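Colleague: Before I ask anything, here is the structure I am working with.
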Amino acid sequence: MRVSVQAEPFDFGAECADFGRGGRDVGAVVSFLGVVRDDSGALKRMEVEHYPGMTERAITEIAEEARRRWDLADLLVIHRHGALLPGEPIMMVATAARHRAAAFEAAEFLMDYLKSRAPFWKKETGTDGSRWVAARDEDEDALARW
Amino acid sequence: MRVSVQAEPFDFGAECADFGRGGRDVGAVVSFLGVVRDDSGALKRMEVEHYPGMTERAITEIAEEARRRWDLADLLVIHRHGALLPGEPIMMVATAARHRAAAFEAAEFLMDYLKSRAPFWKKETGTDGSRWVAARDEDEDALARW
Amino acid sequence: MITVLYFAWVRERIGLPRERIESSAKTVAELVEELKAREERYAAAFADLKALRVALDQELADFTAPLAGVREIAFFPPMTGG
Amino acid sequence: MITVLYFAWVRERIGLPRERIESSAKTVAELVEELKAREERYAAAFADLKALRVALDQELADFTAPLAGVREIAFFPPMTGG
């Protein structure tokens with residue numbers, strides 16, 4: 001298991017190449033990549049603020065809860081903070097398990113909790129100024145399924 | 001969209017590195033990697049038989065159904081046939097969408113249908129002989145959710 | 001003439017991957033009965049139809065499906081892809 | 001003395017990321033009332049508590065939570081990670 005909160009870019013392809021491999025009991029690997037999306041076509045950059053100390057702690061707790069709920073061979077969370085450009089990777093999650101159901105469910109669980117329970121805040125700057133990204137009701141609602 | 005049925009190995013890391021990137025409206029990429037798992041600890045090899053012609057057609061139909069159901073920016077399916085060793089990648093699926101819900105759901109839909117509706121059959125050879133892998137009731141049941 | 005394909009353990013039991021046969025069967029079920037009557041290896045392969053799937057011209061079908069116009073029929077166990 | 005942290009638009013409205021304050025507040029809600037009474041920028045930041053979240057010593061908490069023993073309190077909008 002690895003949790004990383006970092007300003008530096010990460011290499012999604014390289015992370016996927018190695019993750020969860022080598023154990024003979026791994027049959028399913030699921031990975032998720034979050035990318036800075038430009039809904040308006042006018043996004044210049046995104047600033048990700050976080051709460052140093054609490055961020056690592058919150059993500060680690062979420063990851064440990066996932067390992068209690070599902071039998072995972074491995075788990076990875078990388079989340080960036082700082083200044084990002086449209087199209088840049090912002091975060092990733094990966095899970096490895098015997099069967100696909102556990103790998104998919106654990107990855108979705110991690111994503112749902114990271115969205116609403118890890119202390120990150122996004123600010124978008126476009127050609128018309130800056131605004132904080134509002135939390136979406138559906139992200140909060142997504143937690144109810146777990 | 002790309003569908004490939006092939007005997008050759010594929011490079012999961014390299015596929016992940018490029019997939020779904022470049023469009024400004026992509027916020028979420030989900031990928032699934034299926035690996036030859038060795039449950040018994042005695043697996044020597046796996047042979048994947050398929051139905052040339054029908055395989056490509058069935059996977060393409062499944063992929064097109066996924067694109068009708070979800071708004072996907074891109075979709076990739078690679079499935080190998082032939083002789084495979086424990087730990088080797090057997091197949092992968094990747095989806096790209098604006099939001100994570102569509103990317104996750106489409107990837108799971110693709111996996112559920114590939115499991116039970118694409119004409120592949122697996123034969124395991126271990127130290128104690130060979131056997132055809134039986135279809136699992138839960139894989140058939142998984143289709144009911146779509 | 002219709003091309004009949006066998007996969008996985010159906011292929012192994014019957015002992016060949018494909019054959020061309022002449023048949024007057026109107027449905028898949030009738031063709032199966034003709035094949036079972038041929039030889040013991042066919043009877044063994046088709047003993048339990050619930051354990052089998054059929055495709056007509058590369059589309060999944062039922063055992064009750066008509067064969068009119070079909071050029072290729074395939075018999076195989078439930079699929080185990082992914 | 002307690003360390004108070006502000007993030008995102010809460011930080012921007014109050015105009016600083018952290019401060020050390022002396023308070024006799026027994027709960028988060030009491031501390032919020034003390035802060036709101038200080039200056040307009042605090043009143044603006046804490047105008048709608050439903051739009052705010054609070055963490056005590058880096059664990060999410062409620063506004064009714066007691067402050068006894070707490071060294072660090074943070075106020076911020078709903079999180080938007082992922």
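Chain labels follow the order of the structure tokens: the first chain is A, the next B, and so on; residue numbering restarts at 1 in every chain, and ligands are counted from 1 in their shown order.
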Please report as a VMD selection string which residues of chain A come no farther than 8 Å from chain D, using only C-alpha atoms.
Modeller: chain A and resid 34 49 to 51 53 to 54 57 to 58 79 90 to 91 111 114 to 122 132 to 135
Colleague: Find the residues in chain B near chain A: any atom within 7 Å counts, using only C-alpha atoms. Write them as a count of residues only.
Modeller: 24
Colleague: Determine, counting only C-alpha atoms, which protein, DNA and RNA residues have an atom within 6 Å of an atom of range 21-27 of chain D; residues of the same chain fewer than 3 positions away are not included. Present the result as a compact mmCIF listing (two decimals) with C-alpha atoms, in the first residue's frame.
Modeller:
# COMPACT_ATOMS: atom_id res chain seq x y z
CA MET D 1 -4.02 28.84 23.10
CA ILE D 2 -5.43 27.05 20.10
CA GLU D 30 -18.95 28.93 20.86
CA LEU D 31 -15.60 29.61 19.21
CA THR D 64 -21.32 20.88 18.64
CA ALA D 65 -18.03 19.11 19.49
CA PRO D 66 -16.21 20.12 22.72
CA LEU D 67 -12.86 21.89 22.43
Colleague: Rounded to one decimal place, report the CA of Arg136 in chain B-CA of Val10 in chain C distance in Å.
Modeller: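 Separation of CA of Arg136 in chain B and CA of Val10 in chain C: 18.2 Å.
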Colleague: Taking only range 61-146 of chain A into account, list the residues labelled strand (DSSP E or B) by DSSP (computed from the backbone), as a ChimeraX atom specification.
Modeller: /A:72-80,82-84,89-97,120-126,129-132
Colleague: Next, dump the selected residues to file, keeping only C-alpha atoms, as an mmCIF file, in the first residue's frame.
Modeller:
data_model
loop_
_atom_site.group_PDB
_atom_site.id
_atom_site.type_symbol
_atom_site.label_atom_id
_atom_site.label_comp_id
_atom_site.auth_asym_id
_atom_site.auth_seq_id
_atom_site.Cartn_x
_atom_site.Cartn_y
_atom_site.Cartn_z
ATOM 1 C CA LEU A 72 -6.826 -6.398 -1.598
ATOM 2 C CA ALA A 73 -3.379 -7.522 -2.656
ATOM 3 C CA ASP A 74 -2.303 -3.912 -3.124
ATOM 4 C CA LEU A 75 -3.589 -0.346 -3.090
ATOM 5 C CA LEU A 76 -2.189 2.955 -4.346
ATOM 6 C CA VAL A 77 -3.350 6.552 -3.985
ATOM 7 C CA ILE A 78 -1.512 9.533 -5.451
ATOM 8 C CA HIS A 79 -3.010 13.024 -5.159
ATOM 9 C CA ARG A 80 -1.369 16.218 -6.318
ATOM 10 C CA GLY A 82 -0.554 23.080 -6.267
ATOM 11 C CA ALA A 83 -0.904 24.511 -9.755
ATOM 12 C CA LEU A 84 -2.166 22.273 -12.564
ATOM 13 C CA PRO A 89 -3.236 14.209 -14.167
ATOM 14 C CA ILE A 90 -4.474 15.371 -10.784
ATOM 15 C CA MET A 91 -4.767 12.092 -8.920
ATOM 16 C CA MET A 92 -4.910 8.338 -9.300
ATOM 17 C CA VAL A 93 -6.102 5.306 -7.416
ATOM 18 C CA ALA A 94 -5.265 1.662 -8.093
ATOM 19 C CA THR A 95 -6.413 -1.574 -6.500
ATOM 20 C CA ALA A 96 -5.379 -5.207 -7.003
ATOM 21 C CA ALA A 97 -7.420 -8.226 -5.925
ATOM 22 C CA PHE A 120 -8.585 19.223 -0.934
ATOM 23 C CA TRP A 121 -10.126 22.323 -2.478
ATOM 24 C CA LYS A 122 -9.963 23.233 -6.146
ATOM 25 C CA LYS A 123 -9.869 26.727 -7.546
ATOM 26 C CA GLU A 124 -10.257 27.265 -11.268
ATOM 27 C CA THR A 125 -8.847 30.263 -13.067
ATOM 28 C CA GLY A 126 -10.256 30.990 -16.500
ATOM 29 C CA GLY A 129 -11.473 35.141 -13.402
ATOM 30 C CA SER A 130 -11.209 32.624 -10.568
ATOM 31 C CA ARG A 131 -13.744 30.575 -8.661
ATOM 32 C CA TRP A 132 -13.694 27.812 -6.064
#
Colleague: Would you mind listing what lies within 12 Å of Lys36 in chain C as a ChimeraX atom specification, with only C-alpha atoms counted and same-chain residues fewer than 3 positions away left out?
Modeller: /C:14,29-33,39-49
Colleague: For those residues, write N, CA and C atoms to a file as a compact mmCIF listing (two decimals), in the first residue's frame.
Modeller:
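For reference, out34.txt as written:
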# COMPACT_ATOMS: atom_id res chain seq x y z
N ILE C 14 -16.15 -34.23 -29.31
CA ILE C 14 -16.51 -34.66 -30.66
C ILE C 14 -15.26 -35.02 -31.46
N ALA C 29 -32.45 -27.49 -32.36
CA ALA C 29 -32.75 -28.70 -31.58
C ALA C 29 -32.84 -29.93 -32.49
N GLU C 30 -33.42 -29.76 -33.65
CA GLU C 30 -33.51 -30.90 -34.58
C GLU C 30 -32.12 -31.32 -35.08
N LEU C 31 -31.29 -30.34 -35.32
CA LEU C 31 -29.92 -30.65 -35.75
C LEU C 31 -29.17 -31.41 -34.65
N VAL C 32 -29.36 -30.96 -33.42
CA VAL C 32 -28.72 -31.64 -32.29
C VAL C 32 -29.17 -33.10 -32.22
N GLU C 33 -30.46 -33.35 -32.44
CA GLU C 33 -30.96 -34.72 -32.40
C GLU C 33 -30.32 -35.57 -33.51
N GLU C 39 -23.33 -40.76 -33.57
CA GLU C 39 -22.27 -41.53 -32.91
C GLU C 39 -22.26 -41.19 -31.43
N GLU C 40 -21.67 -42.07 -30.66
CA GLU C 40 -21.62 -41.91 -29.21
C GLU C 40 -20.93 -40.60 -28.81
N ARG C 41 -19.85 -40.20 -29.53
CA ARG C 41 -19.14 -38.98 -29.15
C ARG C 41 -20.04 -37.74 -29.29
N TYR C 42 -20.93 -37.74 -30.24
CA TYR C 42 -21.89 -36.63 -30.36
C TYR C 42 -22.90 -36.69 -29.21
N ALA C 43 -23.39 -37.90 -28.94
CA ALA C 43 -24.35 -38.06 -27.84
C ALA C 43 -23.73 -37.57 -26.53
N ALA C 44 -22.45 -37.85 -26.34
CA ALA C 44 -21.76 -37.43 -25.11
C ALA C 44 -21.64 -35.90 -25.06
N ALA C 45 -21.29 -35.30 -26.19
CA ALA C 45 -21.11 -33.85 -26.23
C ALA C 45 -22.42 -33.10 -26.01
N PHE C 46 -23.51 -33.67 -26.52
CA PHE C 46 -24.80 -32.98 -26.43
C PHE C 46 -25.71 -33.54 -25.34
N ALA C 47 -25.13 -34.28 -24.40
CA ALA C 47 -25.94 -34.93 -23.36
C ALA C 47 -26.74 -33.94 -22.54
N ASP C 48 -26.13 -32.80 -22.22
CA ASP C 48 -26.81 -31.82 -21.36
C ASP C 48 -26.85 -30.47 -22.07
N LEU C 49 -27.97 -30.18 -22.68
CA LEU C 49 -28.05 -28.94 -23.47
C LEU C 49 -27.96 -27.70 -22.58
Colleague: Please indicate the distance in Å from CA of Pro52 in chain B to CA of Glu72 in chain C, rounded to one decimal place.
Modeller: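 Between these atoms lies a distance of 12.6 Å.
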Colleague: Can you pull out every residue from range 13-127 of chain A that DSSP, working from the backbone, puts in helix (DSSP H, G or I), and format the result as a PyMOL selection string?
Modeller: chain A and resi 13-18+54-69+100-117
Colleague: How many Å lie between CA of Ala66 in chain A and CA of Ala106 in chain A, rounded to one decimal?
Modeller: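 Distance between the two atoms: 5.9 Å.
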